[in-house]
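Okay, query_34.txt is below, compact mmCIF, C-alpha atoms:
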```txt
# COMPACT_ATOMS: atom_id res chain seq x y z
CA MET S 1 -101.52 108.04 18.15
CA ARG S 2 -98.42 106.03 19.08
CA THR S 3 -94.97 106.96 17.99
CA SER S 4 -91.96 104.76 18.37
CA VAL S 5 -88.51 106.04 19.11
CA ILE S 6 -85.62 104.44 17.29
CA THR S 7 -82.18 104.86 18.79
CA PRO S 8 -79.17 105.53 16.56
CA GLN S 9 -77.88 102.05 17.45
CA GLN S 10 -81.14 100.44 16.27
CA LYS S 11 -81.06 102.46 13.07
CA MET S 12 -77.46 101.40 12.39
CA ALA S 13 -78.30 97.76 13.13
CA GLY S 14 -81.08 97.93 10.54
CA LYS S 15 -78.71 99.38 7.94
CA LYS S 16 -76.11 96.70 8.70
CA SER S 17 -78.76 94.02 8.41
CA ARG S 18 -79.85 95.30 4.97
CA THR S 19 -76.22 95.57 3.83
CA PHE S 20 -75.42 92.03 4.94
CA GLY S 21 -78.64 90.86 3.32
CA LYS S 22 -77.53 92.38 0.01
CA LEU S 23 -74.10 90.75 0.36
CA ALA S 24 -75.72 87.39 1.14
CA GLU S 25 -77.59 87.58 -2.18
CA HIS S 26 -74.20 87.52 -3.91
CA TYR S 27 -72.50 84.91 -1.72
CA ASP S 28 -71.73 82.57 -4.64
CA ALA S 29 -70.05 85.34 -6.63
CA LEU S 30 -68.14 86.69 -3.64
CA SER S 31 -66.81 83.27 -2.62
CA GLN S 32 -64.94 82.87 -5.94
CA PRO S 33 -61.45 84.08 -6.77
CA CYS S 34 -61.35 87.72 -7.88
CA TYR S 35 -60.69 88.69 -11.47
CA GLU S 36 -58.57 91.73 -12.27
CA GLN S 37 -59.24 94.57 -14.68
CA CYS S 38 -57.50 97.83 -15.59
CA ALA S 39 -59.26 101.19 -15.95
CA ALA S 40 -58.52 104.74 -17.05
CA LEU S 41 -59.85 107.69 -15.09
CA CYS S 42 -59.68 110.24 -17.90
CA TYR S 43 -59.57 113.89 -16.85
CA ARG S 44 -59.03 117.32 -18.33
CA PRO S 45 -58.73 120.83 -16.88
CA ALA S 46 -61.89 122.93 -16.78
CA SER S 47 -62.61 126.50 -15.74
CA ASP S 48 -64.15 125.30 -12.47
CA GLY S 49 -61.63 122.56 -11.68
CA VAL S 50 -61.43 119.33 -13.57
CA GLN S 51 -63.79 117.28 -15.71
CA VAL S 52 -63.78 113.50 -15.97
CA LEU S 53 -65.05 111.21 -18.67
CA VAL S 54 -67.84 108.75 -17.99
CA VAL S 55 -69.08 106.27 -20.56
CA THR S 56 -72.03 103.92 -20.60
CA SER S 57 -71.59 100.17 -20.47
CA ARG S 58 -72.67 98.37 -23.62
CA GLU S 59 -75.02 95.95 -21.86
CA SER S 60 -76.89 97.87 -19.17
CA GLY S 61 -76.18 101.48 -20.10
CA ARG S 62 -74.96 102.31 -16.57
CA TRP S 63 -72.23 104.94 -16.16
CA ILE S 64 -68.67 103.63 -15.78
CA ILE S 65 -65.10 104.55 -16.69
CA PRO S 66 -63.22 102.79 -19.51
CA LYS S 67 -61.89 99.44 -18.27
CA GLY S 68 -60.98 96.00 -19.50
CA TRP S 69 -59.15 92.75 -18.97
CA PRO S 70 -55.35 92.55 -18.72
CA ILE S 71 -53.52 91.91 -22.00
CA GLU S 72 -50.52 89.62 -22.08
CA GLY S 73 -47.34 91.53 -22.84
CA LYS S 74 -48.80 94.89 -21.75
CA LYS S 75 -48.42 96.67 -18.44
CA ASP S 76 -51.63 97.52 -16.57
CA TYR S 77 -51.31 101.26 -17.25
CA GLN S 78 -50.89 100.53 -20.98
CA VAL S 79 -54.06 98.44 -20.92
CA ALA S 80 -55.90 101.32 -19.21
CA ALA S 81 -54.78 103.71 -21.96
CA GLN S 82 -55.82 101.23 -24.66
CA GLU S 83 -59.28 100.83 -23.08
CA ALA S 84 -59.72 104.62 -23.02
CA LEU S 85 -58.93 104.72 -26.73
CA GLU S 86 -61.11 101.75 -27.71
CA GLU S 87 -64.13 102.56 -25.54
CA ALA S 88 -64.13 106.35 -25.71
CA GLY S 89 -61.67 107.57 -28.33
CA ILE S 90 -59.46 109.21 -25.70
CA ARG S 91 -55.70 109.75 -26.00
CA GLY S 92 -53.44 111.13 -23.33
CA LYS S 93 -50.67 110.66 -20.81
CA VAL S 94 -51.40 107.81 -18.42
CA LYS S 95 -49.83 107.54 -14.97
CA LYS S 96 -47.88 104.33 -14.40
CA LYS S 97 -48.68 104.24 -10.69
CA PRO S 98 -52.29 103.25 -9.86
CA PHE S 99 -54.49 106.03 -8.49
CA GLY S 100 -56.54 103.45 -6.63
CA TYR S 101 -58.76 100.40 -6.87
CA PHE S 102 -62.45 99.55 -6.83
CA THR S 103 -64.44 96.34 -6.81
CA TYR S 104 -67.64 95.29 -8.50
CA LEU S 105 -69.51 92.21 -9.67
CA LYS S 106 -68.94 91.61 -13.39
CA LYS S 107 -71.69 89.82 -15.28
CA LEU S 108 -70.09 87.42 -17.75
CA ASP S 109 -71.57 86.42 -21.11
CA THR S 110 -72.70 83.18 -19.42
CA GLY S 111 -74.84 85.23 -17.01
CA ARG S 112 -72.62 84.29 -14.07
CA GLN S 113 -71.38 87.12 -11.84
CA VAL S 114 -67.76 87.22 -10.70
CA PRO S 115 -66.00 89.65 -8.37
CA CYS S 116 -63.52 92.01 -10.05
CA VAL S 117 -60.84 94.23 -8.60
CA VAL S 118 -60.16 97.15 -10.93
CA GLN S 119 -56.82 98.97 -10.91
CA VAL S 120 -57.44 102.63 -11.85
CA HIS S 121 -54.86 104.81 -13.61
CA LEU S 122 -55.20 108.54 -14.14
CA LEU S 123 -55.06 109.61 -17.77
CA LYS S 124 -54.60 113.30 -18.56
CA VAL S 125 -56.39 113.81 -21.86
CA ASP S 126 -54.62 115.51 -24.74
CA GLY S 127 -56.83 114.38 -27.62
CA THR S 128 -60.22 112.94 -28.55
CA GLU S 129 -60.92 110.78 -31.58
CA THR S 130 -64.28 110.76 -33.35
CA ASP S 131 -63.67 107.40 -35.01
CA PHE S 132 -62.87 104.67 -32.47
CA ARG S 133 -63.59 100.97 -32.01
CA GLU S 134 -66.73 101.19 -29.83
CA ASN S 135 -68.14 104.40 -31.28
CA GLY S 136 -71.93 104.14 -31.43
CA GLN S 137 -72.00 101.41 -28.77
CA ARG S 138 -71.56 103.76 -25.81
CA ARG S 139 -72.37 107.30 -24.76
CA ARG S 140 -69.57 109.44 -23.41
CA GLU S 141 -69.88 112.61 -21.38
CA TRP S 142 -67.52 115.04 -19.68
CA VAL S 143 -68.78 115.95 -16.21
CA SER S 144 -67.44 117.21 -12.88
CA CYS S 145 -65.99 114.68 -10.48
CA TYR S 146 -69.00 115.25 -8.24
CA GLU S 147 -71.47 114.55 -11.05
CA ALA S 148 -69.50 111.45 -12.07
CA ALA S 149 -69.57 110.21 -8.46
CA ARG S 150 -73.33 110.70 -8.45
CA ARG S 151 -73.74 108.68 -11.66
CA VAL S 152 -71.55 105.63 -11.02
CA GLN S 153 -72.83 102.80 -8.84
CA GLU S 154 -69.64 101.42 -7.31
CA PRO S 155 -68.98 103.02 -3.89
CA GLU S 156 -65.19 102.75 -4.14
CA LEU S 157 -65.21 104.34 -7.60
CA LYS S 158 -67.32 107.16 -6.17
CA GLY S 159 -64.60 107.60 -3.55
CA LEU S 160 -61.84 107.76 -6.18
CA LEU S 161 -63.75 110.40 -8.13
CA LEU S 162 -64.24 112.50 -5.00
CA MET S 163 -60.57 112.02 -4.10
CA LEU S 164 -59.59 113.42 -7.52
CA ALA S 165 -61.92 116.39 -6.98
CA HIS S 166 -60.36 117.16 -3.59
CA LYS S 167 -56.85 116.74 -5.00
CA GLU S 168 -57.59 119.19 -7.82
CA ASP S 169 -59.35 121.63 -5.44
CA SER S 170 -56.30 121.60 -3.15
CA ARG S 171 -53.93 122.07 -6.08
CA ARG S 172 -55.84 125.14 -7.29
CA LYS S 173 -55.73 126.90 -3.90
```
Would you write the structure of this file as structure tokens?
Amino acid sequence: MRTSVITPQQKMAGKKSRTFGKLAEHYDALSQPCYEQCAALCYRPASDGVQVLVVTSRESGRWIIPKGWPIEGKKDYQVAAQEALEEAGIRGKVKKKPFGYFTYLKKLDTGRQVPCVVQVHLLKVDGTETDFRENGQRRREWVSCYEAARRVQEPELKGLLLMLAHKEDSRRK
């Protein structure tokens, strides 16, 4: 029986190759100008730290946070708060300063994919509505930051969720 030994450098090269291969599949989308969106990272205190809200997208059912396109005449943080209300029935105090950013490929109604940079604002929840614009079109769940990071697909969003968890853990100590 023959066994082959793979060095850490060979293993890393294989991972890089797969990553670049995945990026190459989306070359057309990535070579376009980026679109911008605004999002709300809704959170509330919990006995074991903090919980965050995740909602499902209407099309694919994947887990995301409330987000949307900029609105003329509104500041980005105001748009984030409006998206939280429309998509999840959430009201609260939104931070004006962005907590961070993440990127993803947005599938448009035409089927074309475009790169989006999403500005994320923290929103401390003080109320939940049962009757809101997209009620019945999405699921919403309160979970730990760690569970939310497990559910979402976007690596940078995972990082923001974990950053919030660490921030809250540090604050509680």
Using only C-alpha atoms, pick whichever of S:Val94, S:Leu85, S:Val114, S:Val152 has the shortest atom-to-atom distance to Glu134 in chain S.
S:Leu85
So which one's closest to Gly159 in chain S, S:Cys116, S:Thr130, S:Glu86, S:Tyr146? Using only C-alpha atoms, please.
S:Tyr146
With all atoms listed in the file as the atoms that count, which of S:Gln119, S:Gln82, S:Gln37, S:Gln51 lies nearest to Leu161 in chain S?
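Smallest distance to Leu161 in chain S is found for S:Gln51.
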Between S:Thr56, S:Glu36, S:Ile90, S:Ala81, single out the one closest to Asp131 in chain S, counting only C-alpha atoms.
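Smallest separation from Asp131 in chain S among the options: S:Ile90.
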For Met163 in chain S, the closest of S:Ala84, S:Gln78, S:Ile64, S:Ala149 counting only C-alpha atoms is S:Ala149
Report, in Å to a single decimal, how far apart CA of Arg58 in chain S and CA of Gln137 in chain S are.
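Taking CA of Gln137 in chain S and CA of Arg58 in chain S, their separation equals 6.0 Å.
Take CA of Leu160 in chain S and CA of Pro45 in chain S: the distance between them is 17.2 Å.
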Counting only C-alpha atoms, which residue out of S:Val52, S:Leu157, S:Ala165, S:Val79 sits closest to Gly100 in chain S?
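Of all the options, S:Leu157 lies closest to Gly100 in chain S.
Between CA of Tyr104 in chain S and CA of Asp126 in chain S there is a distance of 29.0 Å.
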Please identify all polymer residues within 12 Å of Thr128 in chain S, counting only C-alpha atoms, omitting same-chain residues fewer than 4 positions from it, and present them as a short mmCIF file (atom, residue, chain, number, x, y, z; two decimals) with C-alpha atoms, in the coordinates of the input.
```cif
data_model
loop_
_atom_site.label_atom_id
_atom_site.label_comp_id
_atom_site.auth_asym_id
_atom_site.auth_seq_id
_atom_site.Cartn_x
_atom_site.Cartn_y
_atom_site.Cartn_z
CA CYS S 42 -59.68 110.24 -17.90
CA TYR S 43 -59.57 113.89 -16.85
CA ARG S 44 -59.03 117.32 -18.33
CA LEU S 53 -65.05 111.21 -18.67
CA ALA S 84 -59.72 104.62 -23.02
CA LEU S 85 -58.93 104.72 -26.73
CA GLU S 86 -61.11 101.75 -27.71
CA GLU S 87 -64.13 102.56 -25.54
CA ALA S 88 -64.13 106.35 -25.71
CA GLY S 89 -61.67 107.57 -28.33
CA ILE S 90 -59.46 109.21 -25.70
CA ARG S 91 -55.70 109.75 -26.00
CA GLY S 92 -53.44 111.13 -23.33
CA LYS S 124 -54.60 113.30 -18.56
CA PHE S 132 -62.87 104.67 -32.47
CA ASN S 135 -68.14 104.40 -31.28
CA ARG S 140 -69.57 109.44 -23.41
CA TRP S 142 -67.52 115.04 -19.68
#
```
Please provide as number ranges by chain all residues within 7 Å of Val55 in chain S, with the sequence filter that same-chain residues fewer than 2 positions apart are discarded (counting all atoms listed in the file).
S: 53, 57, 63-66, 138-141
Size and centre in Å, one decimal, axis-aligned box, all listed range 144-161 of chain S atoms plus 6 Å per side, as lines of an AutoDock Vina configuration file:
```
center_x = -67.8
center_y = 109.3
center_z = -8.2
size_x = 23.9
size_y = 27.8
size_z = 21.3
```
Who sits within 9 Å of Leu164 in chain S, all atoms listed in the file, same chain under 5 positions skipped, as a ChimeraX atom specification:
/S:50,145,159,169
